[in-house]
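**Student:** File my_file_10.txt below, compact mmCIF, C-alpha atoms:
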# COMPACT_ATOMS: atom_id res chain seq x y z
CA MET A 28 -2.30 -32.84 -6.84
CA SER A 29 1.29 -32.49 -5.63
CA ARG A 30 1.61 -30.34 -2.55
CA ARG A 31 4.18 -27.56 -2.49
CA GLY A 32 6.81 -27.11 0.19
CA GLU A 33 4.95 -24.65 2.38
CA LYS A 34 8.06 -23.22 4.04
CA ASN A 35 9.00 -21.54 0.73
CA LEU A 36 5.62 -19.91 0.22
CA LEU A 37 4.93 -16.21 0.69
CA ILE A 38 1.32 -15.03 0.95
CA GLY A 39 0.09 -11.49 0.32
CA LEU A 40 -3.49 -10.53 1.20
CA ASP A 41 -4.69 -7.23 -0.24
CA ILE A 42 -7.98 -6.35 1.50
CA GLY A 43 -9.26 -3.45 -0.57
CA THR A 44 -12.52 -1.53 -0.75
CA SER A 45 -13.50 -3.02 -4.11
CA LYS A 46 -11.73 -6.40 -4.07
CA VAL A 47 -9.88 -8.88 -1.86
CA ALA A 48 -6.88 -10.44 -3.61
CA CYS A 49 -4.77 -13.28 -2.23
CA LEU A 50 -1.44 -13.93 -3.99
CA VAL A 51 0.72 -17.00 -3.37
CA GLY A 52 4.39 -16.72 -4.33
CA GLU A 53 7.00 -19.46 -4.21
CA LEU A 54 10.51 -18.42 -3.18
CA LYS A 55 13.02 -19.97 -5.60
CA ALA A 56 16.63 -20.97 -4.87
CA ASP A 57 17.92 -17.82 -6.63
CA ASP A 58 15.74 -15.65 -4.33
CA THR A 59 13.21 -14.79 -7.06
CA ILE A 60 9.47 -15.12 -6.44
CA GLU A 61 7.23 -17.07 -8.80
CA ILE A 62 3.47 -16.48 -8.56
CA VAL A 63 1.82 -19.90 -8.25
CA GLY A 64 -1.69 -18.96 -7.14
CA ILE A 65 -4.04 -16.02 -7.12
CA GLY A 66 -7.57 -15.64 -5.81
CA THR A 67 -9.78 -12.54 -6.04
CA HIS A 68 -13.28 -11.84 -4.79
CA PRO A 69 -15.39 -8.66 -4.71
CA SER A 70 -14.93 -6.96 -1.36
CA ARG A 71 -17.99 -6.64 0.83
CA GLY A 72 -17.78 -5.03 4.24
CA ILE A 73 -14.90 -2.57 3.65
CA LYS A 74 -15.46 1.16 3.23
CA LYS A 75 -12.60 3.58 2.54
CA GLY A 76 -10.09 0.91 3.56
CA VAL A 77 -11.72 0.24 6.96
CA VAL A 78 -13.79 -2.79 8.05
CA VAL A 79 -17.46 -1.83 8.50
CA ASP A 80 -18.97 -5.34 8.40
CA ILE A 81 -16.91 -8.19 9.88
CA GLU A 82 -19.10 -11.06 8.59
CA SER A 83 -19.03 -9.88 4.95
CA THR A 84 -15.28 -9.16 5.09
CA VAL A 85 -14.59 -12.65 6.49
CA GLN A 86 -16.57 -14.23 3.64
CA SER A 87 -14.73 -12.19 0.98
CA ILE A 88 -11.32 -13.11 2.47
CA GLN A 89 -12.32 -16.78 2.70
CA ARG A 90 -13.39 -16.96 -0.95
CA ALA A 91 -10.20 -15.28 -2.20
CA VAL A 92 -7.96 -17.50 -0.01
CA GLU A 93 -9.76 -20.72 -1.06
CA GLU A 94 -9.37 -19.80 -4.74
CA ALA A 95 -5.64 -19.10 -4.24
CA GLU A 96 -5.15 -22.38 -2.30
CA LEU A 97 -6.87 -24.34 -5.06
CA MET A 98 -4.74 -22.80 -7.80
CA ALA A 99 -1.45 -23.11 -5.88
CA GLY A 100 -2.19 -26.61 -4.51
CA CYS A 101 -1.22 -25.63 -0.97
CA GLU A 102 -2.68 -24.76 2.41
CA ILE A 103 -2.37 -21.17 3.58
CA HIS A 104 -1.67 -20.66 7.29
CA SER A 105 -0.42 -17.08 7.61
CA VAL A 106 -0.43 -13.92 5.49
CA HIS A 107 1.11 -10.48 5.11
CA ALA A 108 -1.90 -8.15 4.90
CA GLY A 109 -2.22 -4.57 3.65
CA ILE A 110 -3.72 -1.74 5.70
CA ALA A 111 -5.02 1.65 4.49
CA GLY A 112 -7.64 4.21 5.43
CA SER A 113 -7.86 7.83 6.49
CA HIS A 114 -6.92 6.84 10.08
CA ILE A 115 -3.28 6.41 8.93
CA ARG A 116 -0.93 9.12 10.25
CA SER A 117 2.78 9.62 9.69
CA LEU A 118 5.61 11.72 11.07
CA ASN A 119 9.39 11.99 10.83
CA SER A 120 11.32 11.40 14.05
CA HIS A 121 14.91 11.49 15.25
CA GLY A 122 16.78 9.38 17.83
CA ILE A 123 20.26 9.56 19.35
CA THR A 124 22.35 7.14 21.46
CA ALA A 125 25.94 6.44 22.47
CA ILE A 126 27.80 3.66 20.61
CA LYS A 127 28.68 1.14 23.30
CA GLU A 128 31.83 -0.60 22.05
CA ARG A 129 32.97 2.24 19.74
CA GLU A 130 31.81 0.03 16.84
CA VAL A 131 28.14 0.02 15.77
CA SER A 132 26.40 -3.30 16.52
CA GLN A 133 22.84 -4.46 15.90
CA ALA A 134 22.06 -3.67 19.57
CA ASP A 135 23.13 -0.03 19.01
CA VAL A 136 20.88 0.23 15.95
CA ASP A 137 17.95 -1.25 17.90
CA ARG A 138 18.59 1.24 20.73
CA VAL A 139 18.69 4.28 18.44
CA ILE A 140 15.49 3.15 16.67
CA ASP A 141 13.87 2.76 20.11
CA ALA A 142 14.99 6.30 20.96
CA ALA A 143 13.46 7.59 17.70
CA ARG A 144 10.13 5.89 18.43
CA ALA A 145 9.86 7.54 21.86
CA VAL A 146 7.42 10.22 20.72
CA ALA A 147 3.94 10.85 22.09
CA ILE A 148 1.24 9.33 19.90
CA PRO A 149 -2.49 9.32 20.71
CA ALA A 150 -3.73 6.39 22.80
CA ASP A 151 -6.02 5.20 19.99
CA GLN A 152 -3.10 4.91 17.51
CA LYS A 153 -0.46 2.19 17.24
CA ILE A 154 2.89 2.21 15.42
CA LEU A 155 2.71 0.19 12.19
CA HIS A 156 6.16 0.93 10.74
CA ILE A 157 9.40 2.60 11.74
CA LEU A 158 11.24 3.11 8.45
CA PRO A 159 14.89 4.27 8.77
CA GLN A 160 15.75 7.12 6.39
CA GLU A 161 19.41 7.58 7.31
CA PHE A 162 21.90 7.12 10.13
CA ILE A 163 24.42 9.71 11.35
CA ILE A 164 27.67 8.72 13.10
CA ASP A 165 29.54 11.63 14.73
CA ASP A 166 28.03 14.20 12.30
CA GLN A 167 28.78 11.98 9.27
CA GLU A 168 25.40 12.02 7.48
CA GLY A 169 23.83 9.84 4.79
CA ILE A 170 24.80 6.43 6.17
CA ARG A 171 22.49 3.59 5.10
CA GLU A 172 24.12 0.60 6.84
CA PRO A 173 25.85 1.69 10.06
CA ILE A 174 26.71 -1.78 11.46
CA GLY A 175 30.48 -2.28 11.78
CA MET A 176 31.33 1.43 11.50
CA CYS A 177 33.37 3.16 14.22
CA GLY A 178 32.20 6.16 16.20
CA VAL A 179 31.01 7.57 19.51
CA ARG A 180 27.49 8.84 18.80
CA LEU A 181 24.80 7.25 16.61
CA GLU A 182 21.73 9.13 15.37
CA ALA A 183 18.82 7.87 13.29
CA ARG A 184 16.24 9.71 11.22
CA VAL A 185 13.11 7.61 10.74
CA HIS A 186 9.66 7.84 9.19
CA MET A 187 6.96 6.56 11.59
CA VAL A 188 3.59 5.35 10.36
CA THR A 189 0.74 4.91 12.83
CA GLY A 190 -2.80 3.62 12.39
CA ALA A 191 -5.95 3.36 14.49
CA VAL A 192 -5.69 0.46 16.96
CA SER A 193 -9.32 -0.51 16.30
CA ALA A 194 -8.88 -0.55 12.49
CA ALA A 195 -5.80 -2.80 12.76
CA GLN A 196 -7.51 -5.09 15.29
CA ASN A 197 -10.57 -5.47 13.05
CA ILE A 198 -8.45 -6.51 10.06
CA VAL A 199 -6.54 -9.02 12.22
CA LYS A 200 -9.83 -10.31 13.66
CA CYS A 201 -11.32 -10.89 10.18
CA ILE A 202 -8.21 -12.77 9.02
CA ARG A 203 -8.13 -14.90 12.20
CA ARG A 204 -11.81 -15.75 11.75
CA CYS A 205 -10.69 -17.41 8.49
CA GLY A 206 -8.26 -19.61 10.46
CA LEU A 207 -5.16 -17.66 9.40
CA GLU A 208 -2.43 -15.85 11.31
CA VAL A 209 -1.15 -12.36 10.44
CA ASP A 210 2.62 -12.17 9.99
CA ASP A 211 2.54 -8.41 9.54
CA LEU A 212 0.27 -5.50 8.62
CA VAL A 213 1.89 -3.43 5.88
CA LEU A 214 0.95 0.07 4.77
CA GLU A 215 -0.55 -0.35 1.29
CA GLN A 216 1.37 2.41 -0.50
CA LEU A 217 4.60 1.13 1.05
CA SER A 218 3.97 -2.37 -0.32
CA SER A 219 2.95 -0.97 -3.74
CA SER A 220 6.27 0.90 -3.85
CA TYR A 221 8.17 -2.42 -3.67
CA ALA A 222 6.32 -3.62 -6.79
CA VAL A 223 6.35 -0.58 -9.09
CA LEU A 224 9.29 1.70 -8.21
CA GLY A 225 12.92 1.28 -9.25
CA GLU A 226 15.83 2.09 -6.93
CA ASP A 227 16.98 4.91 -9.25
CA GLU A 228 13.54 6.56 -9.01
CA LYS A 229 13.64 6.41 -5.19
CA GLU A 230 17.13 7.94 -5.23
CA LEU A 231 16.17 10.75 -7.61
CA GLY A 232 12.88 11.49 -5.84
CA VAL A 233 9.44 10.18 -6.81
CA CYS A 234 5.83 10.52 -5.69
CA LEU A 235 3.85 7.26 -5.73
CA VAL A 236 0.05 7.57 -5.94
CA ASP A 237 -2.00 4.38 -5.45
CA ILE A 238 -5.61 5.05 -6.53
CA GLY A 239 -7.81 2.25 -5.22
CA GLY A 240 -11.55 1.86 -4.78
CA GLY A 241 -12.01 3.65 -1.45
CA THR A 242 -8.78 5.54 -0.77
CA THR A 243 -5.93 7.17 -2.67
CA ASP A 244 -2.59 6.54 -0.95
CA LEU A 245 0.44 8.77 -1.47
CA ALA A 246 4.11 8.11 -0.65
CA VAL A 247 7.10 10.38 -1.36
CA PHE A 248 10.63 8.98 -1.71
CA THR A 249 13.88 10.97 -1.95
CA ASP A 250 17.50 9.81 -1.55
CA GLY A 251 16.34 6.19 -1.52
CA ALA A 252 14.13 6.54 1.61
CA ILE A 253 10.45 7.19 2.30
CA ARG A 254 9.88 10.77 3.47
CA HIS A 255 6.13 11.36 3.56
CA THR A 256 2.93 9.29 3.46
CA ALA A 257 -0.72 10.37 3.32
CA VAL A 258 -4.16 8.91 2.61
CA ILE A 259 -6.92 10.80 0.78
CA PRO A 260 -10.44 9.35 1.16
CA ILE A 261 -11.45 9.95 -2.50
CA ALA A 262 -10.94 7.24 -5.12
CA GLY A 263 -12.60 5.08 -7.78
CA ASP A 264 -15.84 4.49 -5.86
CA GLN A 265 -16.67 8.21 -5.89
CA VAL A 266 -16.22 8.24 -9.68
CA THR A 267 -18.60 5.25 -9.98
CA ASN A 268 -21.11 7.00 -7.73
CA ASP A 269 -20.91 10.19 -9.83
CA ILE A 270 -21.58 8.17 -13.00
CA ALA A 271 -24.55 6.39 -11.38
CA VAL A 272 -26.13 9.69 -10.27
CA ALA A 273 -25.40 11.73 -13.41
CA LEU A 274 -26.43 9.03 -15.92
CA ARG A 275 -29.25 7.67 -13.69
CA THR A 276 -28.08 4.08 -13.87
CA PRO A 277 -27.67 1.39 -11.15
CA THR A 278 -24.25 1.33 -9.42
CA GLN A 279 -23.15 -2.07 -10.79
CA TYR A 280 -23.75 -0.84 -14.37
CA ALA A 281 -22.00 2.45 -13.57
CA GLU A 282 -18.90 0.45 -12.54
CA GLN A 283 -18.96 -1.51 -15.82
CA ILE A 284 -19.41 1.68 -17.85
CA LYS A 285 -16.49 3.28 -15.99
CA ILE A 286 -14.17 0.33 -16.70
CA LYS A 287 -15.13 -0.06 -20.38
CA HIS A 288 -15.82 3.45 -21.64
CA ALA A 289 -14.74 6.18 -19.20
CA CYS A 290 -12.12 8.74 -20.15
CA ALA A 291 -10.55 11.20 -17.71
CA LEU A 292 -10.00 13.90 -20.34
CA SER A 293 -13.16 14.91 -22.21
CA ARG A 294 -11.29 16.23 -25.26
CA LEU A 295 -9.89 12.71 -25.87
CA ALA A 296 -13.38 11.15 -26.03
CA GLY A 297 -14.45 10.98 -29.69
CA SER A 298 -17.44 13.23 -30.36
CA GLY A 299 -19.12 10.60 -32.55
CA GLU A 300 -18.78 7.69 -30.04
CA THR A 301 -21.87 6.58 -28.14
CA ILE A 302 -22.40 4.16 -25.24
CA GLU A 303 -25.42 2.21 -24.05
CA VAL A 304 -26.59 3.16 -20.56
CA PRO A 305 -29.01 0.80 -18.73
CA SER A 306 -31.83 2.64 -16.95
CA ILE A 307 -33.27 2.18 -13.47
CA GLY A 308 -36.31 -0.06 -13.08
CA GLU A 309 -38.15 -1.27 -16.20
CA ARG A 310 -37.25 1.69 -18.40
CA PRO A 311 -35.42 0.89 -21.66
CA ALA A 312 -31.67 1.50 -22.03
CA ARG A 313 -30.51 4.79 -23.58
CA ARG A 314 -27.62 5.75 -25.82
CA LEU A 315 -25.44 8.66 -24.73
CA ALA A 316 -22.33 10.32 -26.18
CA ARG A 317 -19.08 9.05 -24.64
CA GLN A 318 -18.14 12.71 -24.24
CA THR A 319 -21.03 13.16 -21.76
CA LEU A 320 -19.50 10.38 -19.63
CA ALA A 321 -16.06 12.02 -19.81
CA GLU A 322 -17.57 15.34 -18.65
CA VAL A 323 -18.81 13.55 -15.50
CA VAL A 324 -15.52 11.73 -14.81
CA GLU A 325 -13.02 14.52 -15.53
CA PRO A 326 -14.01 16.96 -12.72
CA ARG A 327 -13.79 14.21 -10.06
CA TYR A 328 -10.33 13.07 -11.16
CA GLU A 329 -9.23 16.71 -11.43
CA GLU A 330 -10.40 17.30 -7.85
CA LEU A 331 -8.47 14.22 -6.67
CA LEU A 332 -5.28 15.26 -8.48
CA ASP A 333 -5.57 18.81 -7.06
CA LEU A 334 -5.83 17.34 -3.53
CA LEU A 335 -2.76 15.17 -4.20
CA LYS A 336 -0.82 18.16 -5.52
CA ALA A 337 -1.78 20.19 -2.41
CA GLU A 338 -0.64 17.29 -0.16
CA LEU A 339 2.67 17.04 -2.03
CA ARG A 340 3.19 20.80 -1.65
CA ARG A 341 2.30 20.64 2.06
CA SER A 342 4.87 17.87 2.59
CA GLY A 343 7.63 20.21 1.38
CA PHE A 344 8.98 17.71 -1.17
CA GLU A 345 7.30 19.06 -4.33
CA ASP A 346 10.57 20.43 -5.75
CA LEU A 347 12.55 17.28 -4.82
CA VAL A 348 10.63 14.66 -6.86
CA ALA A 349 12.67 14.87 -10.06
CA GLY A 350 11.47 11.37 -11.00
CA GLY A 351 7.92 12.69 -11.31
CA VAL A 352 4.73 10.91 -10.34
CA VAL A 353 3.91 7.19 -10.64
CA LEU A 354 0.20 6.30 -10.69
CA THR A 355 -0.85 2.76 -9.79
CA GLY A 356 -3.86 0.91 -8.35
CA GLY A 357 -7.07 -0.27 -10.02
CA SER A 358 -8.50 3.21 -10.67
CA SER A 359 -5.32 4.47 -12.39
CA LYS A 360 -5.89 2.57 -15.65
CA MET A 361 -8.39 5.01 -17.12
CA ASP A 362 -7.86 6.52 -20.60
CA GLY A 363 -6.55 10.06 -20.47
CA LEU A 364 -5.64 9.99 -16.75
CA LEU A 365 -1.86 10.22 -17.35
CA ASP A 366 -2.38 13.25 -19.63
CA LEU A 367 -4.66 14.93 -17.08
CA ALA A 368 -2.15 14.21 -14.26
CA GLU A 369 0.71 15.74 -16.28
CA GLU A 370 -1.39 18.89 -16.79
CA VAL A 371 -2.12 19.14 -13.04
CA PHE A 372 1.31 18.22 -11.61
CA HIS A 373 3.44 19.86 -14.36
CA MET A 374 5.88 16.95 -14.16
CA PRO A 375 6.32 13.57 -15.89
CA VAL A 376 3.71 10.93 -14.95
CA ARG A 377 3.84 7.21 -15.71
CA LEU A 378 1.66 4.18 -14.97
CA GLY A 379 3.15 1.83 -12.35
CA ILE A 380 2.89 -1.84 -13.36
CA PRO A 381 4.11 -4.58 -10.96
CA GLN A 382 7.63 -5.85 -11.79
CA TYR A 383 10.28 -8.14 -10.28
CA LEU A 384 8.21 -11.38 -10.23
CA THR A 385 7.78 -14.35 -12.56
CA GLY A 386 4.78 -16.59 -13.26
CA MET A 387 1.25 -15.62 -14.42
CA GLU A 388 2.62 -12.40 -15.87
CA GLU A 389 -0.42 -11.74 -18.08
CA VAL A 390 -2.56 -11.57 -14.89
CA ILE A 391 -0.06 -9.93 -12.54
CA ARG A 392 1.24 -7.16 -14.81
CA ASN A 393 -1.75 -4.99 -13.99
CA PRO A 394 -1.82 -1.95 -11.66
CA ILE A 395 -4.73 -3.55 -9.78
CA HIS A 396 -2.26 -6.08 -8.26
CA SER A 397 0.47 -3.61 -7.21
CA THR A 398 -0.27 -3.95 -3.49
CA GLY A 399 -0.54 -7.77 -3.59
CA VAL A 400 2.75 -8.16 -5.50
CA GLY A 401 4.44 -5.64 -3.19
CA LEU A 402 3.30 -7.60 -0.12
CA LEU A 403 5.13 -10.68 -1.46
CA ILE A 404 8.35 -8.69 -2.04
CA TYR A 405 8.02 -7.12 1.44
CA ALA A 406 7.49 -10.61 2.93
CA ARG A 407 10.68 -11.89 1.23
CA GLN A 408 12.74 -8.96 2.55
CA HIS A 409 11.45 -9.37 6.10
CA ARG A 410 11.37 -13.16 6.08
CA PHE A 411 14.25 -13.60 8.53
CA ALA A 412 13.65 -10.43 10.52
CA ARG A 413 10.07 -11.40 11.24
CA ARG A 414 8.31 -9.64 14.07
CA PRO A 415 6.39 -11.63 16.64
CA PRO A 416 2.86 -12.42 15.37
CA MET A 417 0.39 -9.53 15.61
CA SER A 418 -0.91 -10.56 18.99
CA GLU A 419 -1.47 -8.67 22.17
CA ALA A 420 0.40 -11.43 24.07
CA ARG A 421 3.75 -9.66 23.81
CA GLY A 422 2.76 -7.86 27.00
CA ILE A 423 4.82 -7.94 30.20
CA LYS A 424 7.58 -10.19 28.87
CA ALA A 425 8.37 -7.87 25.95
CA ILE A 426 8.37 -4.80 28.19
CA TRP A 427 10.70 -6.56 30.67
CA GLU A 428 13.09 -7.55 27.84
CA ARG A 429 13.24 -3.97 26.55
CA MET A 430 13.81 -2.57 30.06
CA ARG A 431 16.63 -5.06 30.64
CA SER A 432 18.36 -4.21 27.34
CA TRP A 433 17.98 -0.48 28.09
CA PHE A 434 19.64 -0.90 31.51
CA GLN A 435 22.45 -2.94 29.95
CA GLY A 436 22.95 -0.29 27.26
CA SER A 437 22.87 2.67 29.63
CA PHE A 438 24.96 1.48 32.58
Will you turn the file into structure tokens for me?
**Tutor:**
Amino acid sequence: MSRRGEKNLLIGLDIGTSKVACLVGELKADDTIEIVGIGTHPSRGIKKGVVVDIESTVQSIQRAVEEAELMAGCEIHSVHAGIAGSHIRSLNSHGITAIKEREVSQADVDRVIDAARAVAIPADQKILHILPQEFIIDDQEGIREPIGMCGVRLEARVHMVTGAVSAAQNIVKCIRRCGLEVDDLVLEQLSSSYAVLGEDEKELGVCLVDIGGGTTDLAVFTDGAIRHTAVIPIAGDQVTNDIAVALRTPTQYAEQIKIKHACALSRLAGSGETIEVPSIGERPARRLARQTLAEVVEPRYEELLDLLKAELRRSGFEDLVAGGVVLTGGSSKMDGLLDLAEEVFHMPVRLGIPQYLTGMEEVIRNPIHSTGVGLLIYARQHRFARRPPMSEARGIKAIWERMRSWFQGSF
């Protein structure tokens, strides 16, 4: 088996509540990404996006990575991993600094971003992302790329995402136990946005909803920048659980029934259609109307969509998302869900399918892989601006460097 040039490989590791997926992309000369390997394994040890059993999580990651290595014919050494969970918090912040040489340089941009990040966050939270929304030079707003522009005062508006230190450390620990390094931890809905949203949608205003197994992640974009993020701890697993309880069937069969037969809008389920439902223990299987299943599923999805609508309203951007809502993630593929979402949101809703990559398209063009594909695109964009590895060893040296640059900038 011929080995691939590993310096051109990008690896995305999506550690979800229901599955772990490892995607290997090869960066081509024309800057496109071709998928050359993919490995998936049922996720054990993750609940609502957070590690609850390290040993089981390590095994799931190992299986997915080995499968991807085998298919791609390469060795994986480091990954970009996704992070989600209800511990994620976000806020918008604002920084201001003087422009040193009357022309904006990279050092000025770094300084103004540092000024924007100087907000009090709880001791148990760490900053995951600082995402610039716009720069302002001497009251001139709406600047995307300030470097090289002339002025006296530089301001930055940014969106900050923080997550629980312990949750991030546990993910990093699990990945390291598999002999891999973590290049970066990326917010899952942010990475999904790279895969399923177009630039025109982000400009016009769009609400991305990633419905996974354990969490539903929301991100709002307007004027080409991310404005609001939130995580709701209700998703596909609750629907499976409702089916298992209501139809009195074991959970693994409830999951299969949900994938094959469920419909999120009971009026779309044909009244004459029936499904076979395995029973618990030695009892024989029963046949039930598909409409009965839809009547179990619809209220749960309606509750989730109502929570999302309330979150969108609370964010203050409800009237600014002219591009409507984009649903993605494994639990978004259900029959009737787009119709139900349009009824709840009163705006256009579409299904987000990963774009912008080549190779294995019949596998990849599926909402279940939105986060994994997005991680590869994120990795390509940040390839040359890579942060130091996610280690605690930045310590004193990093603090000293920042103090020195601050003194140089201020005096």
**Student:** I need the residue nearest Arg341 of chain A from this list: A:Leu207, A:Ala257, A:Leu155, A:Leu367. Use only C-alpha atoms for the distance.
**Tutor:** A:Ala257
**Student:** Give me the residues within 9 Å of Gln160 of chain A as a ChimeraX atom specification, counting all atoms listed in the file and dropping any in the same chain fewer than 3 places off.
**Tutor:** /A:169,171,183-186,250-254
**Student:** Can you check which parts of segment 157-227 of chain A lie within 12 Å of segment 356-362 of chain A? Per residue, the shortest pair of atoms and distance in Å to one decimal, counting all atoms listed in the file, sorted by chain and number, as JSON lines.
**Tutor:**
{"residue": "A:Glu215", "atom": "CA", "partner": "A:Gly356", "partner_atom": "CA", "distance": 10.3}
{"residue": "A:Gln216", "atom": "CA", "partner": "A:Gly356", "partner_atom": "CA", "distance": 9.6}
{"residue": "A:Ser218", "atom": "CA", "partner": "A:Gly356", "partner_atom": "CA", "distance": 11.7}
{"residue": "A:Ser219", "atom": "CA", "partner": "A:Gly356", "partner_atom": "CA", "distance": 8.4}
{"residue": "A:Ser220", "atom": "CA", "partner": "A:Gly356", "partner_atom": "CA", "distance": 11.1}
{"residue": "A:Ala222", "atom": "CA", "partner": "A:Gly356", "partner_atom": "CA", "distance": 11.3}
{"residue": "A:Val223", "atom": "CA", "partner": "A:Gly356", "partner_atom": "CA", "distance": 10.3}
**Student:** Rounded to one decimal in Å, what is the spacing between atom CA of Leu378 of chain A and atom CA of Val348 of chain A?
**Tutor:**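 Interatomic distance here is 16.0 Å.
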**Student:** Go through A:Ile270, A:Leu315, A:Ile157, A:Val236 and flag the residue nearest Ser397 of chain A, using all atoms listed in the file for the distances.
**Tutor:** A:Val236
**Student:** Using only C-alpha atoms, what does the table of segment 143-217 of chain A residues within 12 Å of segment 53-74 of chain A look like, with each row giving the shortest atom pair and its distance in Å to one decimal, sorted by chain and ascending number, as a tab-separated table?
**Tutor:**
residue	atom	partner	partner_atom	distance
A:Ala194	CA	A:Ile73	CA	10.9
A:Asn197	CA	A:Ile73	CA	10.7
A:Ile198	CA	A:Ile73	CA	9.9
A:Cys201	CA	A:Gly72	CA	10.6
**Student:** How would the residues just picked look written out with C-alpha atoms as a PDB file, keeping the file's coordinate frame?
**Tutor:**
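Saved to out_3.pdb:
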ATOM      1  CA  ALA A 194      -8.880  -0.550  12.490  1.00  0.00           C
ATOM      2  CA  ASN A 197     -10.570  -5.470  13.050  1.00  0.00           C
ATOM      3  CA  ILE A 198      -8.450  -6.510  10.060  1.00  0.00           C
ATOM      4  CA  CYS A 201     -11.320 -10.890  10.180  1.00  0.00           C
TER       5      CYS A 201
END
**Student:** Closest to Gly399 of chain A among A:Ile154, A:Val85, A:Leu118, A:Leu214, using all atoms listed in the file?
**Tutor:**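 Counting all atoms listed in the file, the residue closest to Gly399 of chain A is A:Leu214.
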**Student:** One decimal, Å: what's the distance from atom CA of Ile38 of chain A over to atom CA of Val188 of chain A, could you say?
**Tutor:**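 Going from atom CA of Ile38 of chain A over to atom CA of Val188 of chain A covers 22.6 Å.
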**Student:** Using all atoms listed in the file, which residue out of A:Ala316, A:Val400, A:Ala108, A:Ile164 lies closest to Thr385 of chain A?
**Tutor:**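 Closest to Thr385 of chain A, using all atoms listed in the file: A:Val400.
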**Student:** Can you pull segment 158-171 of chain A out of that block with N, CA and C atoms and hand it back as a PDB file, in the first residue's frame?
**Tutor:**
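After the write, selection04.pdb holds the following:
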ATOM      1  N   LEU A 158     -13.701  35.192  17.751  1.00  0.00           N
ATOM      2  CA  LEU A 158     -14.054  35.290  16.331  1.00  0.00           C
ATOM      3  C   LEU A 158     -14.346  36.748  15.981  1.00  0.00           C
ATOM      4  N   PRO A 159     -13.454  37.413  15.236  1.00  0.00           N
ATOM      5  CA  PRO A 159     -13.679  38.825  14.886  1.00  0.00           C
ATOM      6  C   PRO A 159     -14.954  38.991  14.051  1.00  0.00           C
ATOM      7  N   GLN A 160     -15.771  39.972  14.428  1.00  0.00           N
ATOM      8  CA  GLN A 160     -16.981  40.283  13.659  1.00  0.00           C
ATOM      9  C   GLN A 160     -16.718  41.454  12.708  1.00  0.00           C
ATOM     10  N   GLU A 161     -16.098  42.503  13.246  1.00  0.00           N
ATOM     11  CA  GLU A 161     -15.717  43.638  12.390  1.00  0.00           C
ATOM     12  C   GLU A 161     -14.680  44.491  13.112  1.00  0.00           C
ATOM     13  N   PHE A 162     -13.947  45.259  12.323  1.00  0.00           N
ATOM     14  CA  PHE A 162     -12.979  46.214  12.876  1.00  0.00           C
ATOM     15  C   PHE A 162     -13.460  47.622  12.562  1.00  0.00           C
ATOM     16  N   ILE A 163     -13.095  48.578  13.425  1.00  0.00           N
ATOM     17  CA  ILE A 163     -13.475  49.976  13.248  1.00  0.00           C
ATOM     18  C   ILE A 163     -12.193  50.808  13.328  1.00  0.00           C
ATOM     19  N   ILE A 164     -11.931  51.608  12.302  1.00  0.00           N
ATOM     20  CA  ILE A 164     -10.755  52.498  12.314  1.00  0.00           C
ATOM     21  C   ILE A 164     -11.267  53.930  12.286  1.00  0.00           C
ATOM     22  N   ASP A 165     -11.011  54.655  13.382  1.00  0.00           N
ATOM     23  CA  ASP A 165     -11.434  56.074  13.488  1.00  0.00           C
ATOM     24  C   ASP A 165     -12.902  56.254  13.090  1.00  0.00           C
ATOM     25  N   ASP A 166     -13.777  55.473  13.708  1.00  0.00           N
ATOM     26  CA  ASP A 166     -15.241  55.545  13.480  1.00  0.00           C
ATOM     27  C   ASP A 166     -15.692  55.035  12.114  1.00  0.00           C
ATOM     28  N   GLN A 167     -14.769  54.508  11.304  1.00  0.00           N
ATOM     29  CA  GLN A 167     -15.149  53.886  10.029  1.00  0.00           C
ATOM     30  C   GLN A 167     -15.478  52.416  10.318  1.00  0.00           C
ATOM     31  N   GLU A 168     -16.780  52.080  10.266  1.00  0.00           N
ATOM     32  CA  GLU A 168     -17.221  50.738  10.666  1.00  0.00           C
ATOM     33  C   GLU A 168     -17.198  49.761   9.494  1.00  0.00           C
ATOM     34  N   GLY A 169     -17.424  48.484   9.822  1.00  0.00           N
ATOM     35  CA  GLY A 169     -17.628  47.447   8.806  1.00  0.00           C
ATOM     36  C   GLY A 169     -16.383  46.984   8.086  1.00  0.00           C
ATOM     37  N   ILE A 170     -15.214  47.166   8.704  1.00  0.00           N
ATOM     38  CA  ILE A 170     -13.962  46.750   8.047  1.00  0.00           C
ATOM     39  C   ILE A 170     -13.674  45.291   8.388  1.00  0.00           C
ATOM     40  N   ARG A 171     -13.408  44.491   7.349  1.00  0.00           N
ATOM     41  CA  ARG A 171     -13.129  43.061   7.575  1.00  0.00           C
ATOM     42  C   ARG A 171     -11.634  42.812   7.738  1.00  0.00           C
TER      43      ARG A 171
END
